[in-house]
>>> print(open('model11.tsv').read())   # TSV, C-alpha atoms and all ligand atoms
chain	number	residue	atom	x	y	z
G	1	MET	CA	0.00	0.00	0.00
G	2	ASN	CA	1.21	3.43	-0.77
G	3	GLU	CA	-0.20	5.18	2.26
G	4	SER	CA	1.71	8.34	2.91
G	5	ARG	CA	2.39	8.40	6.58
G	6	ILE	CA	1.78	11.55	8.51
G	7	SER	CA	3.81	12.54	11.51
G	8	CYS	CA	2.65	12.85	15.10
G	9	GLU	CA	3.14	16.58	14.78
G	10	GLU	CA	0.71	16.78	11.89
G	11	VAL	CA	-1.80	14.68	13.79
G	12	VAL	CA	-1.57	16.96	16.81
G	13	GLN	CA	-2.01	19.97	14.59
G	14	ARG	CA	-5.17	18.62	13.00
G	15	LEU	CA	-6.52	16.68	15.93
G	16	PHE	CA	-9.29	19.13	16.85
G	17	ASP	CA	-10.43	19.45	13.26
G	18	TYR	CA	-10.54	15.67	13.20
G	19	LEU	CA	-12.51	15.43	16.45
G	20	HIS	CA	-14.89	18.13	15.27
G	21	GLN	CA	-15.36	16.25	11.99
G	22	GLU	CA	-14.10	19.21	10.02
G	23	LEU	CA	-11.73	17.18	7.82
G	24	ASP	CA	-12.56	15.55	4.52
G	25	ILE	CA	-12.85	11.78	4.37
G	26	ASP	CA	-9.29	11.17	3.17
G	27	ALA	CA	-7.64	13.39	5.74
G	28	SER	CA	-9.81	11.94	8.43
G	29	ALA	CA	-8.95	8.36	7.41
G	30	GLU	CA	-5.28	9.24	7.42
G	31	ILE	CA	-5.52	10.43	11.01
G	32	GLU	CA	-7.45	7.34	11.98
G	33	ARG	CA	-4.76	5.09	10.52
G	34	HIS	CA	-2.16	6.96	12.53
G	35	LEU	CA	-4.20	6.67	15.71
G	36	HIS	CA	-4.39	2.91	15.23
G	37	ARG	CA	-0.66	2.51	15.34
G	38	CYS	CA	0.51	5.37	17.54
G	39	HIS	CA	-0.24	4.94	21.20
G	40	ASP	CA	0.71	8.47	22.21
G	41	CYS	CA	-1.52	10.14	19.65
G	42	PHE	CA	-4.30	7.72	20.48
G	43	SER	CA	-4.08	8.64	24.16
G	44	ARG	CA	-4.12	12.29	23.24
G	45	ALA	CA	-7.15	11.92	21.00
G	46	GLU	CA	-8.95	9.94	23.66
G	47	PHE	CA	-8.14	12.60	26.25
G	48	GLU	CA	-9.35	15.48	24.09
G	49	GLN	CA	-12.54	13.63	23.23
G	50	LYS	CA	-13.26	12.95	26.91
G	51	LEU	CA	-12.56	16.55	27.78
G	52	ARG	CA	-14.93	17.68	25.09
G	53	ASP	CA	-17.62	15.37	26.42
G	54	ARG	CA	-17.23	17.09	29.77
G	55	LEU	CA	-17.57	20.48	28.09
G	56	THR	CA	-20.73	19.33	26.36
G	57	GLU	CA	-22.24	18.49	29.73
G	58	SER	CA	-21.93	22.09	30.78
G	59	GLY	CA	-24.72	22.99	28.36
G	60	GLN	CA	-27.14	21.13	30.58
G	61	GLN	CA	-28.28	22.67	33.81
G	62	GLU	CA	-31.42	22.16	35.80
G	63	ALA	CA	-33.76	25.00	34.93
G	64	PRO	CA	-35.08	26.80	38.00
G	65	GLU	CA	-38.74	26.19	38.82
G	66	ARG	CA	-39.29	29.91	38.49
G	67	LEU	CA	-38.30	29.75	34.80
G	68	ARG	CA	-40.45	26.70	34.14
G	69	ARG	CA	-43.43	28.48	35.66
G	70	ARG	CA	-42.74	31.62	33.66
G	71	ILE	CA	-42.63	29.64	30.41
G	72	ARG	CA	-45.79	27.70	31.26
G	73	GLU	CA	-47.66	30.93	31.92
G	74	MET	CA	-46.28	32.47	28.76
G	75	ILE	CA	-47.36	29.53	26.60
G	76	GLU	CA	-50.85	29.61	28.13
G	77	ARG	CA	-51.23	33.11	26.71
G	78	PHE	CA	-50.11	32.08	23.21
D	1	MET	CA	-54.07	35.50	3.77
D	2	ALA	CA	-54.87	32.17	5.28
D	3	THR	CA	-55.12	30.12	2.11
D	4	SER	CA	-53.18	26.96	2.70
D	5	THR	CA	-50.88	25.80	-0.08
D	6	ARG	CA	-50.47	22.36	1.45
D	7	GLU	CA	-53.99	21.05	1.69
D	8	THR	CA	-52.92	17.44	2.02
D	9	VAL	CA	-51.40	18.13	5.42
D	10	PRO	CA	-54.03	18.06	8.13
D	11	VAL	CA	-53.95	21.32	9.97
D	12	ALA	CA	-53.46	20.94	13.69
D	13	SER	CA	-55.68	22.99	15.91
D	14	HIS	CA	-54.24	25.88	17.82
D	15	GLN	CA	-54.62	23.92	21.03
D	16	GLU	CA	-52.85	20.83	19.63
D	17	CYS	CA	-50.09	22.94	18.26
D	18	ARG	CA	-49.59	24.72	21.53
D	19	ASP	CA	-49.59	21.49	23.51
D	20	GLN	CA	-46.96	19.96	21.25
D	21	PHE	CA	-44.90	23.09	21.40
D	22	GLU	CA	-45.06	23.15	25.18
D	23	GLN	CA	-44.16	19.49	25.42
D	24	GLN	CA	-41.04	19.93	23.30
D	25	VAL	CA	-39.98	23.09	25.07
D	26	THR	CA	-40.39	21.43	28.45
D	27	LEU	CA	-38.18	18.52	27.41
D	28	LEU	CA	-35.47	20.86	26.20
D	29	MET	CA	-35.66	23.27	29.12
D	30	ASP	CA	-32.55	22.15	31.02
D	31	ARG	CA	-30.42	22.38	27.91
D	32	LEU	CA	-31.88	25.69	26.85
D	33	TYR	CA	-31.23	27.10	30.28
D	34	GLY	CA	-27.77	25.55	30.59
D	35	THR	CA	-26.73	26.89	27.21
D	36	ALA	CA	-28.14	30.34	27.94
D	37	LEU	CA	-26.37	30.36	31.28
D	38	ARG	CA	-23.01	29.51	29.69
D	39	LEU	CA	-23.59	32.27	27.15
D	40	THR	CA	-24.81	35.00	29.51
D	41	ARG	CA	-23.11	33.87	32.73
D	42	HIS	CA	-25.97	35.27	34.77
D	43	PRO	CA	-29.05	33.30	35.84
D	44	ASP	CA	-31.45	36.24	35.38
D	45	ASP	CA	-30.13	37.03	31.91
D	46	ALA	CA	-30.23	33.35	31.01
D	47	GLU	CA	-33.89	33.14	31.99
D	48	ASP	CA	-34.70	36.22	29.93
D	49	VAL	CA	-32.90	34.85	26.88
D	50	VAL	CA	-34.71	31.52	27.16
D	51	ALA	CA	-38.10	33.23	27.55
D	52	GLU	CA	-37.49	35.55	24.63
D	53	ALA	CA	-36.27	32.71	22.43
D	54	ILE	CA	-39.36	30.64	23.20
D	55	SER	CA	-41.63	33.56	22.48
D	56	THR	CA	-39.85	34.24	19.18
D	57	ALA	CA	-40.04	30.57	18.28
D	58	TRP	CA	-43.79	30.52	18.85
D	59	ASN	CA	-44.28	33.61	16.71
D	60	LYS	CA	-42.27	32.08	13.89
D	61	LEU	CA	-43.68	28.60	14.23
D	62	ASP	CA	-45.17	28.71	10.73
D	63	GLN	CA	-41.61	28.84	9.38
D	64	LEU	CA	-40.88	25.47	10.90
D	65	GLU	CA	-41.91	22.75	8.46
D	66	ASP	CA	-41.81	19.85	10.87
D	67	LEU	CA	-42.14	19.92	14.64
D	68	ALA	CA	-39.65	17.05	14.75
D	69	HIS	CA	-36.95	19.53	13.75
D	70	MET	CA	-37.81	21.87	16.54
D	71	GLU	CA	-34.77	21.18	18.67
D	72	GLY	CA	-32.09	22.49	16.29
D	73	TRP	CA	-34.35	25.31	15.19
D	74	LEU	CA	-35.10	26.42	18.75
D	75	PHE	CA	-31.43	26.40	19.68
D	76	ARG	CA	-30.60	28.52	16.66
D	77	ILE	CA	-33.22	31.02	17.81
D	78	LEU	CA	-31.75	30.92	21.32
D	79	HIS	CA	-28.31	31.74	19.95
D	80	HIS	CA	-29.69	34.49	17.71
D	81	THR	CA	-31.50	35.97	20.68
D	82	PHE	CA	-28.36	35.99	22.76
D	83	ILE	CA	-26.18	37.29	19.97
D	84	SER	CA	-28.48	40.18	19.10
D	85	HIS	CA	-28.44	41.33	22.74
D	86	TRP	CA	-24.76	40.71	23.05
D	87	ARG	CA	-23.78	42.58	19.87
D	88	ARG	CA	-25.18	45.75	21.31
D	89	ARG	CA	-22.89	45.57	24.33
D	90	GLN	CA	-19.91	43.80	22.83
D	91	CYS	CA	-17.82	45.72	20.31
D	92	ARG	CA	-15.03	47.23	22.34
D	93	GLN	CA	-14.03	44.19	24.31
D	94	ASP	CA	-14.32	42.06	21.23
D	95	ARG	CA	-11.77	44.11	19.34
D	96	GLU	CA	-9.39	44.05	22.25
D	97	VAL	CA	-9.54	40.28	22.23
D	98	GLU	CA	-8.81	40.22	18.53
D	99	LEU	CA	-5.72	42.31	19.06
D	100	GLU	CA	-4.40	40.16	21.85
D	101	PRO	CA	-1.09	38.76	20.64
D	102	GLU	CA	-0.62	35.05	20.46
D	103	ASN	CA	1.03	33.96	23.65
D	104	GLY	CA	1.88	30.76	25.46
D	105	ASP	CA	-1.73	30.27	26.53
D	106	THR	CA	-2.79	29.60	22.97
D	107	ARG	CA	-0.72	26.49	22.81
D	108	PHE	CA	-1.28	25.34	26.36
D	109	SER	CA	-2.11	21.65	26.37
D	110	LEU	CA	-3.56	19.94	29.40
D	111	PHE	CA	-2.67	16.59	27.92
D	112	GLU	CA	0.98	17.53	27.66
D	113	LYS	CA	0.96	18.62	31.29
D	114	LEU	CA	-0.60	15.41	32.48
D	115	HIS	CA	0.53	12.65	30.20
D	116	GLN	CA	3.42	10.56	31.48
D	117	PRO	CA	4.31	8.03	28.83
D	118	PHE	CA	6.88	6.25	30.92
D	119	LEU	CA	5.01	6.11	34.17
D	120	LEU	CA	2.82	3.22	33.25
D	121	TRP	CA	2.74	1.98	36.80
D	122	TRP	CA	1.07	5.19	37.81
D	123	GLY	CA	-1.96	4.55	35.63
D	124	THR	CA	-3.23	7.30	33.41
D	125	PRO	CA	-3.11	10.62	35.26
D	126	GLU	CA	-4.84	12.42	32.40
D	127	ARG	CA	-7.86	10.16	32.64
D	128	GLU	CA	-7.97	10.56	36.39
D	129	PHE	CA	-7.79	14.30	36.03
D	130	ILE	CA	-10.78	14.42	33.68
D	131	ASN	CA	-12.82	12.13	35.87
D	132	ALA	CA	-12.00	14.12	38.99
D	133	MET	CA	-12.98	17.50	37.56
D	134	LEU	CA	-16.25	18.76	38.94
D	135	GLN	CA	-18.87	20.12	36.61
D	136	GLU	CA	-18.72	23.42	38.52
D	137	ASP	CA	-15.02	23.69	37.73
D	138	ILE	CA	-15.66	23.20	34.04
D	139	ASN	CA	-18.54	25.67	34.07
D	140	LYS	CA	-16.37	28.19	35.86
D	141	ALA	CA	-13.52	27.80	33.36
D	142	ILE	CA	-15.91	28.40	30.46
D	143	ASP	CA	-17.59	31.33	32.22
D	144	ASN	CA	-14.22	32.99	32.79
D	145	LEU	CA	-13.35	33.08	29.10
D	146	PRO	CA	-13.63	36.51	27.45
D	147	ASP	CA	-16.96	36.89	25.64
D	148	ALA	CA	-15.59	36.45	22.13
D	149	TYR	CA	-13.92	33.17	23.08
D	150	ARG	CA	-16.72	31.93	25.26
D	151	VAL	CA	-19.37	32.26	22.59
D	152	VAL	CA	-17.52	30.18	19.97
D	153	THR	CA	-16.64	27.66	22.64
D	154	VAL	CA	-20.27	27.25	23.62
D	155	LEU	CA	-21.34	26.94	19.99
D	156	VAL	CA	-18.71	24.48	18.85
D	157	GLU	CA	-17.48	22.58	21.91
D	158	VAL	CA	-20.68	22.55	23.95
D	159	GLU	CA	-23.40	22.60	21.30
D	160	GLY	CA	-21.54	20.75	18.57
D	161	TYR	CA	-22.02	23.33	15.80
D	162	SER	CA	-19.70	23.03	12.83
D	163	TYR	CA	-17.18	25.83	12.27
D	164	GLU	CA	-19.21	26.85	9.25
D	165	GLN	CA	-22.45	27.06	11.21
D	166	ALA	CA	-20.75	29.07	13.95
D	167	ALA	CA	-19.28	31.42	11.34
D	168	ARG	CA	-22.67	32.01	9.81
D	169	LEU	CA	-24.38	32.51	13.14
D	170	LEU	CA	-21.78	34.98	14.38
D	171	ASP	CA	-21.29	36.56	10.98
D	172	LEU	CA	-17.54	36.04	11.18
D	173	PRO	CA	-15.02	34.56	8.72
D	174	LEU	CA	-14.20	30.89	9.15
D	175	GLY	CA	-10.59	31.77	9.94
D	176	THR	CA	-11.68	33.90	12.86
D	177	ILE	CA	-13.75	31.05	14.26
D	178	ARG	CA	-10.75	28.74	13.99
D	179	SER	CA	-8.35	31.14	15.67
D	180	ARG	CA	-10.78	32.01	18.44
D	181	LEU	CA	-11.46	28.36	19.09
D	182	CYS	CA	-7.78	27.62	19.25
D	183	ARG	CA	-7.08	30.47	21.65
D	184	ALA	CA	-10.14	29.68	23.71
D	185	ARG	CA	-9.03	26.07	24.01
D	186	GLY	CA	-5.58	27.02	25.25
D	187	ARG	CA	-7.00	29.41	27.82
D	188	LEU	CA	-9.65	26.99	28.90
D	189	GLN	CA	-7.21	24.13	29.35
D	190	LYS	CA	-4.84	26.35	31.27
D	191	ALA	CA	-7.66	27.48	33.56
D	192	LEU	CA	-8.68	23.86	34.16
D	193	TRP	CA	-5.08	22.99	34.92
D	194	GLN	CA	-4.74	25.84	37.41
D	195	GLN	CA	-8.07	25.07	39.04
D	196	GLY	CA	-7.12	21.43	39.18
D	197	ARG	CA	-3.87	22.19	40.89
D	198	GLU	CA	-5.58	24.42	43.41
D	199	ALA	CA	-7.95	21.58	44.14
D	200	GLY	CA	-5.01	19.19	44.45
D	201	LEU	CA	-6.09	17.12	41.47
D	202	SER	CA	-2.78	16.94	39.74
D	203	THR	CA	0.10	14.81	40.79
D	204	CYS	CA	2.34	16.20	38.10
D	205	GLY	CA	4.63	19.15	37.96
D	206	GLY	CA	6.78	18.17	40.88
D	207	GLU	CA	4.79	19.88	43.59
D	208	ARG	CA	3.02	16.86	44.83
D	209	SER	CA	4.90	13.65	44.49
D	210	GLY	CA	1.99	12.40	46.56
D	211	ALA	CA	1.23	9.13	48.21
D	212	SER	CA	0.32	6.46	45.74
D	213	GLY	CA	-2.66	5.55	47.88
D	214	GLY	CA	-4.72	7.99	45.82
D	215	GLY	CA	-8.09	9.27	46.90
D	216	ALA	CA	-8.39	11.59	49.90
G	301	ZN	ZN	1.56	9.80	16.74
>>> encode(input="model11.tsv", output="structure tokens")
Amino acid sequence: MNESRISCEEVVQRLFDYLHQELDIDASAEIERHLHRCHDCFSRAEFEQKLRDRLTESGQQEAPERLRRRIREMIERF
Amino acid sequence: MATSTRETVPVASHQECRDQFEQQVTLLMDRLYGTALRLTRHPDDAEDVVAEAISTAWNKLDQLEDLAHMEGWLFRILHHTFISHWRRRQCRQDREVELEPENGDTRFSLFEKLHQPFLLWWGTPEREFINAMLQEDINKAIDNLPDAYRVVTVLVEVEGYSYEQAARLLDLPLGTIRSRLCRARGRLQKALWQQGREAGLSTCGGERSGASGGGA
């Protein structure tokens, strides 16, 4: 196979674009191949993905009852 | 005015429509509020943004073709609502942020601080660090980002918008989104690192060569 191998440095540089699915299929596959054989980059990718999952959780917060009541009353008037 | 162009679709009554709308909104409430809180940083403002977004959504409901798509649509309205308020106040600080020179923070990597490739016996400190972080710490780190960084972070990292979608929503070039995200990430990771150290989470950096018993 004539896969052109990318370096760890290149992977690190494009890792967030990869995790955010901002790369085209070929570039993305290239990173994936690297992650399969490079333990360090794999650990890094895993770490960044986990961190991002934690960030995503911060968009969820129990809405105060006061707000729920306000919205209910507002919708009743619609 | 009211001539329907889609007569095959049964028209739901006002009551049915409102009930469905309320049901969906209720299900999404915690995420709407959480997102608004990350954007505004203040509970009162967050509540106002959510209420205004829901009111706008109801008034524009005829633009929504399918109630099943309400989630993404409602969140876009929420972001628009926030952004239109924010734009009015923003400008000055935003430009200052843009002028901020690239410094070490931009390239700060939590992983590089934590990862110890040769200390296999120690386990994986980076995983432990992530698991030990409290949600409040993460919220605080996001809330402390300057507005211009926080908003793209919420859109892309928290809400999962693509760079392109964020660019369109904020009316900024793609390159600006990328650079803000990158800077925001460095700052955010550095803040998490500092907060973690204050909380005694990290065993790296030489300050705590700590007991291997873990816990405490
Ligand atoms: Zn590698």
>>> residues_near_point(input="model11.tsv", point="(-42.6, 32.9, 17.8)", cutoff="12 Å", atoms="all atoms listed in the file", output="PyMOL selection string")
(chain G and resi 74-75+78) or (chain D and resi 18+21+51-64+73-74+77-78+81)
>>> residues_near_point(input="model11.tsv", point="(-6.6, 18.0, 10.0)", cutoff="9 Å", atoms="only C-alpha atoms", output="CSV table (one decimal) with C-alpha atoms, in the frame of the given file")
chain,number,residue,atom,x,y,z
G,10,GLU,CA,0.7,16.8,11.9
G,11,VAL,CA,-1.8,14.7,13.8
G,12,VAL,CA,-1.6,17.0,16.8
G,13,GLN,CA,-2.0,20.0,14.6
G,14,ARG,CA,-5.2,18.6,13.0
G,15,LEU,CA,-6.5,16.7,15.9
G,16,PHE,CA,-9.3,19.1,16.8
G,17,ASP,CA,-10.4,19.4,13.3
G,18,TYR,CA,-10.5,15.7,13.2
G,22,GLU,CA,-14.1,19.2,10.0
G,23,LEU,CA,-11.7,17.2,7.8
G,24,ASP,CA,-12.6,15.6,4.5
G,27,ALA,CA,-7.6,13.4,5.7
G,28,SER,CA,-9.8,11.9,8.4
G,31,ILE,CA,-5.5,10.4,11.0
>>> interface_residues(input="model11.tsv", of="chain G", to="chain D", cutoff="6 Å", atoms="only C-alpha atoms", output="list in words")
Leu55, Thr56, Ser58, Gly59, Gln60, Gln61, Glu62 and Ala63 of chain G
>>> closest_atom_pairs(input="model11.tsv", of="chain G", to="ligand ZN 301 (chain G)", cutoff="12 Å", atoms="only C-alpha atoms and all ligand atoms", output="JSON lines")
{"residue": "G:Arg5", "atom": "CA", "partner": "G:ZN301", "partner_atom": "ZN", "distance": 10.3}
{"residue": "G:Ile6", "atom": "CA", "partner": "G:ZN301", "partner_atom": "ZN", "distance": 8.4}
{"residue": "G:Ser7", "atom": "CA", "partner": "G:ZN301", "partner_atom": "ZN", "distance": 6.3}
{"residue": "G:Cys8", "atom": "CA", "partner": "G:ZN301", "partner_atom": "ZN", "distance": 3.6}
{"residue": "G:Glu9", "atom": "CA", "partner": "G:ZN301", "partner_atom": "ZN", "distance": 7.2}
{"residue": "G:Glu10", "atom": "CA", "partner": "G:ZN301", "partner_atom": "ZN", "distance": 8.5}
{"residue": "G:Val11", "atom": "CA", "partner": "G:ZN301", "partner_atom": "ZN", "distance": 6.6}
{"residue": "G:Val12", "atom": "CA", "partner": "G:ZN301", "partner_atom": "ZN", "distance": 7.8}
{"residue": "G:Gln13", "atom": "CA", "partner": "G:ZN301", "partner_atom": "ZN", "distance": 11.0}
{"residue": "G:Arg14", "atom": "CA", "partner": "G:ZN301", "partner_atom": "ZN", "distance": 11.7}
{"residue": "G:Leu15", "atom": "CA", "partner": "G:ZN301", "partner_atom": "ZN", "distance": 10.6}
{"residue": "G:Glu30", "atom": "CA", "partner": "G:ZN301", "partner_atom": "ZN", "distance": 11.6}
{"residue": "G:Ile31", "atom": "CA", "partner": "G:ZN301", "partner_atom": "ZN", "distance": 9.1}
{"residue": "G:Glu32", "atom": "CA", "partner": "G:ZN301", "partner_atom": "ZN", "distance": 10.5}
{"residue": "G:Arg33", "atom": "CA", "partner": "G:ZN301", "partner_atom": "ZN", "distance": 10.0}
{"residue": "G:His34", "atom": "CA", "partner": "G:ZN301", "partner_atom": "ZN", "distance": 6.3}
{"residue": "G:Leu35", "atom": "CA", "partner": "G:ZN301", "partner_atom": "ZN", "distance": 6.6}
{"residue": "G:His36", "atom": "CA", "partner": "G:ZN301", "partner_atom": "ZN", "distance": 9.2}
{"residue": "G:Arg37", "atom": "CA", "partner": "G:ZN301", "partner_atom": "ZN", "distance": 7.7}
{"residue": "G:Cys38", "atom": "CA", "partner": "G:ZN301", "partner_atom": "ZN", "distance": 4.6}
{"residue": "G:His39", "atom": "CA", "partner": "G:ZN301", "partner_atom": "ZN", "distance": 6.8}
{"residue": "G:Asp40", "atom": "CA", "partner": "G:ZN301", "partner_atom": "ZN", "distance": 5.7}
{"residue": "G:Cys41", "atom": "CA", "partner": "G:ZN301", "partner_atom": "ZN", "distance": 4.3}
{"residue": "G:Phe42", "atom": "CA", "partner": "G:ZN301", "partner_atom": "ZN", "distance": 7.3}
{"residue": "G:Ser43", "atom": "CA", "partner": "G:ZN301", "partner_atom": "ZN", "distance": 9.4}
{"residue": "G:Arg44", "atom": "CA", "partner": "G:ZN301", "partner_atom": "ZN", "distance": 9.0}
{"residue": "G:Ala45", "atom": "CA", "partner": "G:ZN301", "partner_atom": "ZN", "distance": 9.9}
>>> axis_aligned_box(input="model11.tsv", around="range 65-72 of chain G", padding_each_side="6 Å", output="AutoDock Vina command-line options")
--center_x -42.0 --center_y 28.9 --center_z 34.6 --size_x 19.5 --size_y 17.4 --size_z 20.4
>>> atom_distance(input="model11.tsv", atom1="CA of Arg76 in chain D", atom2="CA of Arg66 in chain G")
23.5 Å
>>> atom_distance(input="model11.tsv", atom1="CA of Ile71 in chain G", atom2="CA of Ala12 in chain D")
21.7 Å
>>> atom_distance(input="model11.tsv", atom1="CA of Ile83 in chain D", atom2="CA of Leu169 in chain D")
8.5 Å
>>> closest_residue(input="model11.tsv", among="D:Leu172, D:Cys17, D:Ala184, D:Ala199", to="Asn144 in chain D", atoms="only C-alpha atoms")
D:Ala184
>>> decode(input="model11.tsv", residues="range 13-31 of chain G", atoms="N, CA, C and O atoms", output="PDB file, in the first residue's frame")
ATOM      1  N   GLN G  13      -1.561  18.720  15.184  1.00  0.00           N
ATOM      2  CA  GLN G  13      -2.012  19.966  14.588  1.00  0.00           C
ATOM      3  C   GLN G  13      -3.458  19.909  14.085  1.00  0.00           C
ATOM      4  O   GLN G  13      -4.188  20.882  14.155  1.00  0.00           O
ATOM      5  N   ARG G  14      -3.842  18.734  13.607  1.00  0.00           N
ATOM      6  CA  ARG G  14      -5.174  18.622  12.999  1.00  0.00           C
ATOM      7  C   ARG G  14      -6.157  17.859  13.870  1.00  0.00           C
ATOM      8  O   ARG G  14      -7.282  17.574  13.446  1.00  0.00           O
ATOM      9  N   LEU G  15      -5.715  17.548  15.071  1.00  0.00           N
ATOM     10  CA  LEU G  15      -6.525  16.683  15.930  1.00  0.00           C
ATOM     11  C   LEU G  15      -7.919  17.255  16.206  1.00  0.00           C
ATOM     12  O   LEU G  15      -8.914  16.538  16.153  1.00  0.00           O
ATOM     13  N   PHE G  16      -7.980  18.555  16.500  1.00  0.00           N
ATOM     14  CA  PHE G  16      -9.286  19.133  16.845  1.00  0.00           C
ATOM     15  C   PHE G  16     -10.205  19.201  15.630  1.00  0.00           C
ATOM     16  O   PHE G  16     -11.407  18.979  15.747  1.00  0.00           O
ATOM     17  N   ASP G  17      -9.615  19.473  14.476  1.00  0.00           N
ATOM     18  CA  ASP G  17     -10.429  19.452  13.258  1.00  0.00           C
ATOM     19  C   ASP G  17     -10.955  18.036  13.027  1.00  0.00           C
ATOM     20  O   ASP G  17     -12.090  17.851  12.593  1.00  0.00           O
ATOM     21  N   TYR G  18     -10.119  17.064  13.348  1.00  0.00           N
ATOM     22  CA  TYR G  18     -10.544  15.675  13.204  1.00  0.00           C
ATOM     23  C   TYR G  18     -11.678  15.360  14.182  1.00  0.00           C
ATOM     24  O   TYR G  18     -12.729  14.838  13.794  1.00  0.00           O
ATOM     25  N   LEU G  19     -11.493  15.724  15.435  1.00  0.00           N
ATOM     26  CA  LEU G  19     -12.511  15.433  16.451  1.00  0.00           C
ATOM     27  C   LEU G  19     -13.821  16.182  16.185  1.00  0.00           C
ATOM     28  O   LEU G  19     -14.890  15.703  16.512  1.00  0.00           O
ATOM     29  N   HIS G  20     -13.695  17.357  15.592  1.00  0.00           N
ATOM     30  CA  HIS G  20     -14.889  18.132  15.267  1.00  0.00           C
ATOM     31  C   HIS G  20     -15.466  17.750  13.918  1.00  0.00           C
ATOM     32  O   HIS G  20     -16.375  18.405  13.437  1.00  0.00           O
ATOM     33  N   GLN G  21     -14.902  16.726  13.307  1.00  0.00           N
ATOM     34  CA  GLN G  21     -15.356  16.247  11.994  1.00  0.00           C
ATOM     35  C   GLN G  21     -15.332  17.365  10.945  1.00  0.00           C
ATOM     36  O   GLN G  21     -16.265  17.538  10.166  1.00  0.00           O
ATOM     37  N   GLU G  22     -14.252  18.104  10.968  1.00  0.00           N
ATOM     38  CA  GLU G  22     -14.096  19.205  10.018  1.00  0.00           C
ATOM     39  C   GLU G  22     -13.163  18.818   8.873  1.00  0.00           C
ATOM     40  O   GLU G  22     -12.863  19.636   8.016  1.00  0.00           O
ATOM     41  N   LEU G  23     -12.658  17.604   8.877  1.00  0.00           N
ATOM     42  CA  LEU G  23     -11.734  17.182   7.821  1.00  0.00           C
ATOM     43  C   LEU G  23     -12.474  16.389   6.745  1.00  0.00           C
ATOM     44  O   LEU G  23     -13.519  15.792   7.026  1.00  0.00           O
ATOM     45  N   ASP G  24     -11.925  16.384   5.538  1.00  0.00           N
ATOM     46  CA  ASP G  24     -12.564  15.555   4.516  1.00  0.00           C
ATOM     47  C   ASP G  24     -12.252  14.083   4.795  1.00  0.00           C
ATOM     48  O   ASP G  24     -11.423  13.761   5.652  1.00  0.00           O
ATOM     49  N   ILE G  25     -12.929  13.213   4.078  1.00  0.00           N
ATOM     50  CA  ILE G  25     -12.855  11.784   4.369  1.00  0.00           C
ATOM     51  C   ILE G  25     -11.425  11.255   4.324  1.00  0.00           C
ATOM     52  O   ILE G  25     -10.999  10.506   5.201  1.00  0.00           O
ATOM     53  N   ASP G  26     -10.663  11.674   3.312  1.00  0.00           N
ATOM     54  CA  ASP G  26      -9.294  11.172   3.166  1.00  0.00           C
ATOM     55  C   ASP G  26      -8.402  11.610   4.328  1.00  0.00           C
ATOM     56  O   ASP G  26      -7.683  10.798   4.907  1.00  0.00           O
ATOM     57  N   ALA G  27      -8.478  12.869   4.658  1.00  0.00           N
ATOM     58  CA  ALA G  27      -7.644  13.393   5.743  1.00  0.00           C
ATOM     59  C   ALA G  27      -8.029  12.740   7.062  1.00  0.00           C
ATOM     60  O   ALA G  27      -7.178  12.389   7.890  1.00  0.00           O
ATOM     61  N   SER G  28      -9.299  12.539   7.220  1.00  0.00           N
ATOM     62  CA  SER G  28      -9.805  11.936   8.433  1.00  0.00           C
ATOM     63  C   SER G  28      -9.336  10.475   8.551  1.00  0.00           C
ATOM     64  O   SER G  28      -8.913  10.022   9.612  1.00  0.00           O
ATOM     65  N   ALA G  29      -9.383   9.763   7.424  1.00  0.00           N
ATOM     66  CA  ALA G  29      -8.949   8.365   7.410  1.00  0.00           C
ATOM     67  C   ALA G  29      -7.451   8.252   7.702  1.00  0.00           C
ATOM     68  O   ALA G  29      -6.988   7.324   8.366  1.00  0.00           O
ATOM     69  N   GLU G  30      -6.729   9.224   7.207  1.00  0.00           N
ATOM     70  CA  GLU G  30      -5.283   9.243   7.417  1.00  0.00           C
ATOM     71  C   GLU G  30      -4.969   9.373   8.917  1.00  0.00           C
ATOM     72  O   GLU G  30      -4.106   8.682   9.457  1.00  0.00           O
ATOM     73  N   ILE G  31      -5.707  10.259   9.568  1.00  0.00           N
ATOM     74  CA  ILE G  31      -5.520  10.431  11.011  1.00  0.00           C
ATOM     75  C   ILE G  31      -5.905   9.150  11.740  1.00  0.00           C
ATOM     76  O   ILE G  31      -5.195   8.684  12.628  1.00  0.00           O
TER      77      ILE G  31
END
